[in-house]
file start12.cif (mmCIF, C-alpha atoms and all ligand atoms)
data_final
loop_
_atom_site.label_atom_id
_atom_site.label_comp_id
_atom_site.auth_asym_id
_atom_site.auth_seq_id
_atom_site.Cartn_x
_atom_site.Cartn_y
_atom_site.Cartn_z
CA MET A 1 81.35 81.98 80.60
CA ILE A 2 80.87 85.69 81.08
CA GLU A 3 77.51 86.64 82.57
CA LEU A 4 76.45 90.17 81.76
CA LYS A 5 74.36 91.83 84.45
CA THR A 6 71.05 93.64 83.99
CA PRO A 7 70.72 97.26 85.17
CA GLY A 8 68.78 95.97 88.20
CA GLU A 9 71.55 93.52 89.03
CA ILE A 10 74.13 96.29 88.74
CA ASP A 11 72.06 98.32 91.21
CA ALA A 12 72.23 95.33 93.58
CA ILE A 13 76.02 95.12 93.24
CA ASP A 14 76.15 98.89 93.80
CA ALA A 15 74.24 98.40 97.08
CA ALA A 16 76.84 95.81 98.16
CA GLY A 17 79.57 98.21 97.03
CA THR A 18 78.16 100.99 99.18
CA VAL A 19 78.41 98.71 102.23
CA VAL A 20 81.98 97.80 101.26
CA ALA A 21 82.95 101.47 100.90
CA ARG A 22 81.38 102.42 104.22
CA ILE A 23 83.17 99.64 106.10
CA LEU A 24 86.50 100.34 104.39
CA ALA A 25 86.17 104.01 105.39
CA ALA A 26 85.68 102.95 109.03
CA VAL A 27 88.68 100.63 108.87
CA ARG A 28 90.77 103.41 107.34
CA ALA A 29 89.74 105.79 110.12
CA LYS A 30 90.61 103.27 112.86
CA ALA A 31 93.95 102.14 111.39
CA ALA A 32 96.71 103.63 113.56
CA PRO A 33 99.85 102.69 115.45
CA GLY A 34 98.95 100.43 118.38
CA VAL A 35 95.87 98.99 116.66
CA SER A 36 96.20 95.42 115.37
CA PRO A 37 94.97 94.17 112.00
CA ARG A 38 92.82 91.70 113.94
CA GLU A 39 91.04 94.58 115.68
CA LEU A 40 90.39 96.15 112.27
CA ASP A 41 89.04 92.81 111.07
CA ASP A 42 86.76 92.61 114.13
CA LEU A 43 85.41 96.09 113.37
CA ALA A 44 84.67 95.04 109.78
CA ALA A 45 82.99 91.82 110.98
CA ASP A 46 80.70 93.77 113.35
CA MET A 47 79.78 96.22 110.60
CA ILE A 48 79.03 93.39 108.16
CA ALA A 49 76.55 91.96 110.65
CA ASP A 50 74.96 95.37 111.27
CA ALA A 51 74.54 95.86 107.52
CA GLY A 52 72.81 92.50 107.10
CA ALA A 53 75.59 91.45 104.71
CA VAL A 54 77.78 88.34 104.57
CA SER A 55 81.57 88.16 104.30
CA SER A 56 82.78 87.06 100.88
CA PHE A 57 86.20 86.15 102.32
CA GLN A 58 85.56 84.16 105.48
CA GLY A 59 85.58 80.45 104.71
CA TYR A 60 86.64 81.03 101.09
CA HIS A 61 88.70 77.99 100.16
CA PRO A 62 90.17 77.92 96.65
CA GLY A 63 92.05 74.77 95.59
CA TRP A 64 95.49 76.31 96.13
CA ALA A 65 94.86 77.35 99.74
CA PRO A 66 95.74 74.93 102.57
CA VAL A 67 92.95 76.19 104.86
CA PRO A 68 89.75 78.21 104.42
CA TYR A 69 90.36 81.96 104.70
CA PRO A 70 89.93 82.92 108.38
CA GLY A 71 89.21 86.68 108.23
CA VAL A 72 86.64 89.04 106.72
CA THR A 73 89.40 91.35 105.46
CA CYS A 74 92.82 90.77 103.97
CA ILE A 75 95.31 93.11 105.67
CA SER A 76 98.73 93.01 104.06
CA VAL A 77 101.48 94.92 105.89
CA ASN A 78 104.71 96.26 104.33
CA ASP A 79 106.25 93.49 102.18
CA ALA A 80 102.97 91.56 102.14
CA VAL A 81 101.24 92.28 98.81
CA VAL A 82 97.83 90.64 99.17
CA HIS A 83 95.94 87.96 101.13
CA GLY A 84 97.52 88.94 104.46
CA ILE A 85 95.67 87.30 107.36
CA PRO A 86 94.82 89.95 110.01
CA GLY A 87 97.02 89.16 113.00
CA PRO A 88 97.22 90.29 116.65
CA GLU A 89 100.50 92.23 116.31
CA PRO A 90 99.85 95.98 116.77
CA LEU A 91 100.72 98.22 113.84
CA THR A 92 103.61 100.63 114.25
CA ALA A 93 104.06 104.15 112.82
CA GLY A 94 105.17 103.97 109.21
CA ASP A 95 103.60 100.59 108.43
CA LEU A 96 102.17 100.41 104.92
CA LEU A 97 98.81 98.71 105.08
CA SER A 98 96.73 97.28 102.25
CA VAL A 99 93.16 96.41 103.19
CA ASP A 100 91.11 94.26 100.80
CA PHE A 101 87.44 93.64 101.50
CA ALA A 102 84.32 92.20 99.91
CA VAL A 103 80.80 91.40 101.04
CA HIS A 104 77.74 89.74 99.63
CA LEU A 105 74.50 91.67 100.12
CA ASP A 106 71.27 90.03 99.00
CA GLY A 107 73.35 87.52 97.03
CA TRP A 108 75.48 90.06 95.16
CA CYS A 109 79.18 90.74 95.75
CA ALA A 110 81.37 93.85 95.55
CA ASP A 111 85.15 93.94 96.13
CA SER A 112 87.48 96.87 96.93
CA ALA A 113 90.86 97.66 98.46
CA PHE A 114 93.04 100.59 99.50
CA SER A 115 96.52 101.21 100.90
CA ILE A 116 97.69 103.72 103.52
CA VAL A 117 100.64 104.44 105.77
CA VAL A 118 99.70 104.57 109.46
CA GLY A 119 100.99 107.25 111.84
CA GLY A 120 102.51 110.63 111.06
CA ASP A 121 105.67 111.15 109.05
CA PRO A 122 105.16 108.57 106.28
CA ASP A 123 108.12 107.65 104.08
CA PRO A 124 107.75 109.63 100.82
CA ARG A 125 108.69 106.47 98.91
CA ASP A 126 105.66 104.70 100.38
CA LEU A 127 103.43 107.63 99.42
CA ALA A 128 104.82 107.53 95.87
CA LEU A 129 104.08 103.80 95.66
CA ILE A 130 100.51 104.27 96.90
CA ASP A 131 100.01 107.24 94.59
CA ALA A 132 101.15 105.22 91.55
CA THR A 133 98.87 102.35 92.58
CA GLU A 134 95.86 104.68 92.82
CA ARG A 135 96.75 106.33 89.52
CA ALA A 136 97.09 102.91 87.88
CA LEU A 137 93.63 101.97 89.17
CA ALA A 138 92.16 105.29 87.99
CA ALA A 139 93.74 104.83 84.54
CA GLY A 140 92.35 101.29 84.31
CA ILE A 141 88.87 102.50 85.23
CA ALA A 142 89.14 105.39 82.76
CA ALA A 143 89.82 102.88 79.97
CA VAL A 144 86.50 101.09 80.63
CA ARG A 145 83.73 101.88 78.16
CA PRO A 146 81.57 99.90 75.75
CA GLY A 147 83.64 98.83 72.76
CA ALA A 148 86.99 99.15 74.53
CA LYS A 149 89.03 95.98 75.03
CA LEU A 150 90.35 94.33 78.15
CA GLY A 151 93.85 94.89 76.74
CA ASP A 152 93.21 98.66 76.88
CA VAL A 153 92.52 98.38 80.60
CA GLY A 154 95.61 96.29 81.36
CA HIS A 155 97.77 98.51 79.18
CA ALA A 156 96.61 101.65 81.01
CA ILE A 157 97.44 100.05 84.37
CA GLU A 158 100.87 98.72 83.45
CA THR A 159 101.90 101.94 81.72
CA ILE A 160 101.51 103.89 84.97
CA ALA A 161 103.18 101.24 87.11
CA ARG A 162 106.15 100.59 84.84
CA ARG A 163 106.79 104.28 84.11
CA ALA A 164 106.99 104.89 87.83
CA GLY A 165 109.58 102.10 88.02
CA PHE A 166 107.50 99.74 90.14
CA GLY A 167 106.95 96.00 89.84
CA MET A 168 103.52 94.41 89.43
CA LEU A 169 102.63 91.23 91.27
CA ALA A 170 103.03 88.35 88.80
CA ASP A 171 100.20 85.90 88.07
CA HIS A 172 97.51 88.06 89.72
CA GLY A 173 94.96 90.55 88.48
CA GLY A 174 91.35 91.55 88.65
CA HIS A 175 88.28 89.51 87.86
CA GLY A 176 84.64 89.47 87.00
CA VAL A 177 82.38 89.84 90.04
CA GLY A 178 78.68 89.34 90.67
CA ARG A 179 76.93 86.39 92.26
CA SER A 180 80.43 85.11 93.05
CA MET A 181 83.49 87.08 94.15
CA HIS A 182 85.56 85.62 91.34
CA GLU A 183 83.92 85.21 87.95
CA ALA A 184 85.12 85.31 84.37
CA PRO A 185 86.84 87.17 82.89
CA HIS A 186 90.31 87.43 84.40
CA VAL A 187 91.34 91.12 84.23
CA PRO A 188 95.13 91.26 83.75
CA ASN A 189 97.13 94.24 84.97
CA GLU A 190 98.89 94.31 81.61
CA GLY A 191 97.84 94.07 78.01
CA ARG A 192 98.06 95.30 74.47
CA PRO A 193 95.84 98.14 73.30
CA GLY A 194 92.98 96.92 71.14
CA ARG A 195 93.41 93.28 72.16
CA GLY A 196 91.37 90.94 74.28
CA LEU A 197 87.74 90.77 75.30
CA ARG A 198 85.45 93.49 73.97
CA LEU A 199 83.75 95.30 76.87
CA LYS A 200 79.95 95.30 76.71
CA PRO A 201 77.31 97.02 78.85
CA GLY A 202 76.51 94.74 81.78
CA LEU A 203 80.06 93.52 82.33
CA VAL A 204 81.03 93.95 86.00
CA ILE A 205 84.70 93.65 86.93
CA ALA A 206 87.03 94.29 89.85
CA ILE A 207 90.18 96.11 88.75
CA GLU A 208 93.08 95.75 91.16
CA PRO A 209 96.67 96.84 90.50
CA MET A 210 99.23 95.45 92.98
CA LEU A 211 102.52 97.39 92.80
CA ILE A 212 105.91 96.48 94.26
CA ALA A 213 108.38 99.19 95.30
CA GLY A 214 111.57 97.25 94.50
CA GLY A 215 110.62 96.76 90.86
CA THR A 216 110.36 92.96 90.98
CA ASP A 217 107.16 91.11 90.00
CA ASP A 218 108.19 88.10 92.03
CA TYR A 219 106.60 86.87 95.23
CA ARG A 220 106.64 84.01 97.69
CA HIS A 221 104.03 82.40 99.89
CA ASP A 222 104.15 82.80 103.64
CA PRO A 223 104.15 79.64 105.75
CA ASP A 224 100.52 80.57 106.59
CA GLY A 225 99.65 79.46 103.04
CA TRP A 226 97.79 82.69 102.23
CA THR A 227 99.98 85.79 102.55
CA LEU A 228 101.92 86.70 99.41
CA ARG A 229 105.15 88.62 100.08
CA THR A 230 107.44 90.40 97.66
CA ALA A 231 110.46 88.28 96.71
CA ASP A 232 112.84 91.20 97.33
CA GLY A 233 111.37 92.20 100.70
CA SER A 234 110.35 95.62 99.37
CA ARG A 235 106.96 97.12 100.13
CA ALA A 236 103.79 96.71 98.10
CA ALA A 237 100.51 98.57 97.61
CA HIS A 238 97.08 97.49 96.36
CA ALA A 239 94.01 99.41 95.23
CA GLU A 240 90.78 97.95 93.90
CA HIS A 241 87.32 98.98 92.77
CA THR A 242 84.35 97.11 91.35
CA VAL A 243 83.00 98.81 88.21
CA ALA A 244 80.28 98.17 85.65
CA VAL A 245 80.37 98.84 81.94
CA THR A 246 77.25 100.87 81.16
CA LYS A 247 75.83 101.88 77.81
CA ASP A 248 77.54 105.24 78.02
CA GLY A 249 80.69 104.50 79.98
CA VAL A 250 81.68 103.17 83.37
CA ARG A 251 79.97 103.16 86.76
CA LEU A 252 81.96 102.93 89.99
CA LEU A 253 80.14 100.53 92.31
CA THR A 254 82.36 100.52 95.41
CA ARG A 255 81.92 104.06 96.64
CA ALA A 256 80.23 105.64 99.60
CA ALA A 257 76.59 106.65 99.07
N1 LIG A 301 89.60 90.22 97.29
C1 LIG A 301 90.64 89.38 96.79
C2 LIG A 301 90.60 89.62 95.32
O1 LIG A 301 90.62 90.73 95.02
C3 LIG A 301 90.42 87.96 97.15
C4 LIG A 301 90.70 87.66 98.56
S1 LIG A 301 90.47 86.01 98.81
C5 LIG A 301 90.44 85.79 100.44
O2 LIG A 301 90.45 88.87 94.45
F1 LIG A 301 90.07 84.58 100.64
F2 LIG A 301 91.62 86.04 100.90
F3 LIG A 301 89.64 86.54 101.02
CO CO A 302 89.40 91.32 93.85
#
call {"tool": "encode", "arguments": {"input": "start12.cif", "output": "structure tokens"}}
result
Amino acid sequence: MIELKTPGEIDAIDAAGTVVARILAAVRAKAAPGVSPRELDDLAADMIADAGAVSSFQGYHPGWAPVPYPGVTCISVNDAVVHGIPGPEPLTAGDLLSVDFAVHLDGWCADSAFSIVVGGDPDPRDLALIDATERALAAGIAAVRPGAKLGDVGHAIETIARRAGFGMLADHGGHGVGRSMHEAPHVPNEGRPGRGLRLKPGLVIAIEPMLIAGGTDDYRHDPDGWTLRTADGSRAAHAEHTVAVTKDGVRLLTRAA
């Protein structure tokens, strides 16, 4: 069932989203060669506590996962697409990092992600992949308005990704978000214009394109049971925002105050 949110509830998700954006900005600023994903995760954990928020990730244990999720962030490096567990290995110059992060604040959740290359002299191919991922997210968000369909959103995302020649992680997409991190509806990164759920004011969704440089959509699970890696070993990028359908358009909820 899809639970539409009241304007007051959307304000509460926006407050959670502001915390998410602030912490992601700090993680982005700290990410550098020599710093480990685990140190970035520790920074996020400290900031969650300071904000009086609660991690939406830590302890999350969906049926398919062998163990509860151990971190407060997902940090997916290079050929890892999503759900990378932050490890102790220091980053090196040129690593492509995707950081995914959500918190609950006063019982409401917001979810966001970004990708960057650490160090100077990034590979232009990585920058092109990240750029297409961000453009796909922006196009998906731009398709959100009352009366539009979920298929319009997915179509906008896939058009950017496929035109750029990139793959899109199979079987994964965005989702409704609110009291829980994952709510109905599923928000596919593909679709047919004019098809699917009709968007109504009060719908809150996380939109999250996951693009693969090599052009495959295929992935495999790491032995850790969580990390998803590209099947062809090529690099991947991820970008995500939580947005609300409002009576006159779309409101971005995961942005700095
Ligand atoms: N934030 C991810 C998503 O966008 C979910 C991460 S689940 C976790 O849906 F357990 F790894 F945290
Ligand atoms: Co999400």
call {"tool": "atom_distance", "arguments": {"input": "start12.cif", "atom1": "atom CA of A:Leu24", "atom2": "atom CA of A:Lys200"}}
result
28.9 Å
call {"tool": "axis_aligned_box", "arguments": {"input": "start12.cif", "around": "stretch 128-140 of chain A", "padding_each_side": "4 Å", "output": "lines of an AutoDock Vina configuration file"}}
result
center_x = 98.5
center_y = 104.4
center_z = 90.6
size_x = 20.7
size_y = 14.2
size_z = 20.6
call {"tool": "residues_near_ligand", "arguments": {"input": "start12.cif", "ligand": "ligand CO 302 (chain A)", "cutoff": "6 Å", "atoms": "only C-alpha atoms and all ligand atoms", "output": "VMD selection string"}}
result
chain A and resid 111 174 206
call {"tool": "write_last_selection", "arguments": {"input": "start12.cif", "atoms": "C-alpha atoms", "output": "short mmCIF file (atom, residue, chain, number, x, y, z; two decimals), in the coordinates of the input"}}
result
data_model
loop_
_atom_site.label_atom_id
_atom_site.label_comp_id
_atom_site.auth_asym_id
_atom_site.auth_seq_id
_atom_site.Cartn_x
_atom_site.Cartn_y
_atom_site.Cartn_z
CA ASP A 111 85.15 93.94 96.13
CA GLY A 174 91.35 91.55 88.65
CA ALA A 206 87.03 94.29 89.85
#
call {"tool": "residues_around", "arguments": {"input": "start12.cif", "residues": "stretch 168-170 of chain A", "least_positions_apart": "5", "cutoff": "8 Å", "atoms": "all atoms listed in the file", "output": "number ranges by chain"}}
result
A: 81, 158, 161, 189, 209-212, 215-219
call {"tool": "closest_residue", "arguments": {"input": "start12.cif", "among": "A:Asp171, A:Asp126, A:Asp232, A:Asp121", "to": "A:Leu96", "atoms": "all atoms listed in the file"}}
result
A:Asp126
call {"tool": "atom_distance", "arguments": {"input": "start12.cif", "atom1": "atom CA of A:Leu203", "atom2": "atom CA of A:Asp50"}}
result
29.4 Å
call {"tool": "atom_distance", "arguments": {"input": "start12.cif", "atom1": "atom CA of A:Gly176", "atom2": "atom C3 of ligand LIG 301 (chain A)"}}
result
11.8 Å
call {"tool": "closest_residue", "arguments": {"input": "start12.cif", "among": "A:Arg229, A:Arg163, A:Arg220, A:His182", "to": "ligand LIG 301 (chain A)", "atoms": "only C-alpha atoms and all ligand atoms"}}
result
A:His182
call {"tool": "closest_residue", "arguments": {"input": "start12.cif", "among": "A:Asp95, A:Glu208, A:Asp14, A:Glu9", "to": "A:Ala256", "atoms": "all atoms listed in the file"}}
result
A:Asp14
call {"tool": "closest_residue", "arguments": {"input": "start12.cif", "among": "A:Ala80, A:Ala113, A:Val35, A:Ile160", "to": "ligand LIG 301 (chain A)", "atoms": "all atoms listed in the file"}}
result
A:Ala113
call {"tool": "closest_residue", "arguments": {"input": "start12.cif", "among": "A:Leu150, A:Ala21, A:Leu228, A:Ala237", "to": "A:Gly84", "atoms": "only C-alpha atoms"}}
result
A:Leu228
call {"tool": "residues_near_ligand", "arguments": {"input": "start12.cif", "ligand": "ligand LIG 301 (chain A)", "cutoff": "6 Å", "atoms": "all atoms listed in the file", "output": "ChimeraX atom specification"}}
result
/A:57,60,69,74,83,100-101,111
call {"tool": "write_last_selection", "arguments": {"input": "start12.cif", "atoms": "C-alpha atoms", "output": "mmCIF file, in the frame of the given file"}}
result
data_model
loop_
_atom_site.group_PDB
_atom_site.id
_atom_site.type_symbol
_atom_site.label_atom_id
_atom_site.label_comp_id
_atom_site.auth_asym_id
_atom_site.auth_seq_id
_atom_site.Cartn_x
_atom_site.Cartn_y
_atom_site.Cartn_z
ATOM 1 C CA PHE A 57 86.200 86.150 102.320
ATOM 2 C CA TYR A 60 86.640 81.030 101.090
ATOM 3 C CA TYR A 69 90.360 81.960 104.700
ATOM 4 C CA CYS A 74 92.820 90.770 103.970
ATOM 5 C CA HIS A 83 95.940 87.960 101.130
ATOM 6 C CA ASP A 100 91.110 94.260 100.800
ATOM 7 C CA PHE A 101 87.440 93.640 101.500
ATOM 8 C CA ASP A 111 85.150 93.940 96.130
#
call {"tool": "residues_around", "arguments": {"input": "start12.cif", "residues": "A:Ile10", "least_positions_apart": "4", "cutoff": "12 Å", "atoms": "all atoms listed in the file", "output": "list of chain:residue names"}}
result
A:Glu3, A:Leu4, A:Lys5, A:Thr6, A:Asp14, A:Ala15, A:Ala16, A:Gly17, A:Trp108, A:Cys109, A:Ala110, A:Val177, A:Gly178, A:Arg179, A:Pro201, A:Gly202, A:Leu203, A:Val204, A:Ile205, A:Thr242, A:Val243, A:Ala244, A:Val245, A:Thr246, A:Val250, A:Arg251, A:Leu252, A:Leu253, A:Thr254
call {"tool": "write_last_selection", "arguments": {"input": "start12.cif", "atoms": "C-alpha atoms", "output": "PDB file, in the frame of the given file"}}
result
ATOM      1  CA  GLU A   3      77.510  86.640  82.570  1.00  0.00           C
ATOM      2  CA  LEU A   4      76.450  90.170  81.760  1.00  0.00           C
ATOM      3  CA  LYS A   5      74.360  91.830  84.450  1.00  0.00           C
ATOM      4  CA  THR A   6      71.050  93.640  83.990  1.00  0.00           C
ATOM      5  CA  ASP A  14      76.150  98.890  93.800  1.00  0.00           C
ATOM      6  CA  ALA A  15      74.240  98.400  97.080  1.00  0.00           C
ATOM      7  CA  ALA A  16      76.840  95.810  98.160  1.00  0.00           C
ATOM      8  CA  GLY A  17      79.570  98.210  97.030  1.00  0.00           C
ATOM      9  CA  TRP A 108      75.480  90.060  95.160  1.00  0.00           C
ATOM     10  CA  CYS A 109      79.180  90.740  95.750  1.00  0.00           C
ATOM     11  CA  ALA A 110      81.370  93.850  95.550  1.00  0.00           C
ATOM     12  CA  VAL A 177      82.380  89.840  90.040  1.00  0.00           C
ATOM     13  CA  GLY A 178      78.680  89.340  90.670  1.00  0.00           C
ATOM     14  CA  ARG A 179      76.930  86.390  92.260  1.00  0.00           C
ATOM     15  CA  PRO A 201      77.310  97.020  78.850  1.00  0.00           C
ATOM     16  CA  GLY A 202      76.510  94.740  81.780  1.00  0.00           C
ATOM     17  CA  LEU A 203      80.060  93.520  82.330  1.00  0.00           C
ATOM     18  CA  VAL A 204      81.030  93.950  86.000  1.00  0.00           C
ATOM     19  CA  ILE A 205      84.700  93.650  86.930  1.00  0.00           C
ATOM     20  CA  THR A 242      84.350  97.110  91.350  1.00  0.00           C
ATOM     21  CA  VAL A 243      83.000  98.810  88.210  1.00  0.00           C
ATOM     22  CA  ALA A 244      80.280  98.170  85.650  1.00  0.00           C
ATOM     23  CA  VAL A 245      80.370  98.840  81.940  1.00  0.00           C
ATOM     24  CA  THR A 246      77.250 100.870  81.160  1.00  0.00           C
ATOM     25  CA  VAL A 250      81.680 103.170  83.370  1.00  0.00           C
ATOM     26  CA  ARG A 251      79.970 103.160  86.760  1.00  0.00           C
ATOM     27  CA  LEU A 252      81.960 102.930  89.990  1.00  0.00           C
ATOM     28  CA  LEU A 253      80.140 100.530  92.310  1.00  0.00           C
ATOM     29  CA  THR A 254      82.360 100.520  95.410  1.00  0.00           C
TER      30      THR A 254
END
call {"tool": "build_atoms", "arguments": {"input": "start12.cif", "residues": "stretch 22-33 of chain A", "atoms": "N, CA, C and O atoms", "output": "PDB file, in the frame of the given file"}}
result
ATOM      1  N   ARG A  22      81.611 101.879 102.876  1.00  0.00           N
ATOM      2  CA  ARG A  22      81.380 102.420 104.220  1.00  0.00           C
ATOM      3  C   ARG A  22      82.275 101.710 105.240  1.00  0.00           C
ATOM      4  O   ARG A  22      82.878 102.344 106.116  1.00  0.00           O
ATOM      5  N   ILE A  23      82.370 100.395 105.129  1.00  0.00           N
ATOM      6  CA  ILE A  23      83.170  99.640 106.100  1.00  0.00           C
ATOM      7  C   ILE A  23      84.662  99.915 105.887  1.00  0.00           C
ATOM      8  O   ILE A  23      85.418 100.088 106.848  1.00  0.00           O
ATOM      9  N   LEU A  24      85.083 100.008 104.640  1.00  0.00           N
ATOM     10  CA  LEU A  24      86.500 100.340 104.390  1.00  0.00           C
ATOM     11  C   LEU A  24      86.846 101.713 104.950  1.00  0.00           C
ATOM     12  O   LEU A  24      87.942 101.918 105.474  1.00  0.00           O
ATOM     13  N   ALA A  25      85.916 102.657 104.844  1.00  0.00           N
ATOM     14  CA  ALA A  25      86.170 104.010 105.390  1.00  0.00           C
ATOM     15  C   ALA A  25      86.349 103.936 106.910  1.00  0.00           C
ATOM     16  O   ALA A  25      87.209 104.626 107.477  1.00  0.00           O
ATOM     17  N   ALA A  26      85.557 103.093 107.563  1.00  0.00           N
ATOM     18  CA  ALA A  26      85.680 102.950 109.030  1.00  0.00           C
ATOM     19  C   ALA A  26      86.998 102.282 109.394  1.00  0.00           C
ATOM     20  O   ALA A  26      87.650 102.668 110.373  1.00  0.00           O
ATOM     21  N   VAL A  27      87.402 101.297 108.618  1.00  0.00           N
ATOM     22  CA  VAL A  27      88.680 100.630 108.870  1.00  0.00           C
ATOM     23  C   VAL A  27      89.835 101.610 108.666  1.00  0.00           C
ATOM     24  O   VAL A  27      90.772 101.680 109.462  1.00  0.00           O
ATOM     25  N   ARG A  28      89.741 102.397 107.618  1.00  0.00           N
ATOM     26  CA  ARG A  28      90.770 103.410 107.340  1.00  0.00           C
ATOM     27  C   ARG A  28      90.895 104.388 108.509  1.00  0.00           C
ATOM     28  O   ARG A  28      91.998 104.755 108.927  1.00  0.00           O
ATOM     29  N   ALA A  29      89.742 104.808 109.033  1.00  0.00           N
ATOM     30  CA  ALA A  29      89.740 105.790 110.120  1.00  0.00           C
ATOM     31  C   ALA A  29      90.325 105.201 111.408  1.00  0.00           C
ATOM     32  O   ALA A  29      90.932 105.920 112.206  1.00  0.00           O
ATOM     33  N   LYS A  30      90.139 103.903 111.618  1.00  0.00           N
ATOM     34  CA  LYS A  30      90.610 103.270 112.860  1.00  0.00           C
ATOM     35  C   LYS A  30      92.084 102.845 112.771  1.00  0.00           C
ATOM     36  O   LYS A  30      92.752 102.686 113.802  1.00  0.00           O
ATOM     37  N   ALA A  31      92.579 102.641 111.557  1.00  0.00           N
ATOM     38  CA  ALA A  31      93.950 102.140 111.390  1.00  0.00           C
ATOM     39  C   ALA A  31      94.952 103.150 111.946  1.00  0.00           C
ATOM     40  O   ALA A  31      94.966 104.308 111.529  1.00  0.00           O
ATOM     41  N   ALA A  32      95.767 102.736 112.905  1.00  0.00           N
ATOM     42  CA  ALA A  32      96.710 103.630 113.560  1.00  0.00           C
ATOM     43  C   ALA A  32      97.750 102.797 114.303  1.00  0.00           C
ATOM     44  O   ALA A  32      97.500 101.624 114.594  1.00  0.00           O
ATOM     45  N   PRO A  33      98.874 103.410 114.624  1.00  0.00           N
ATOM     46  CA  PRO A  33      99.850 102.690 115.450  1.00  0.00           C
ATOM     47  C   PRO A  33      99.202 102.213 116.748  1.00  0.00           C
ATOM     48  O   PRO A  33      98.405 102.946 117.348  1.00  0.00           O
TER      49      PRO A  33
END
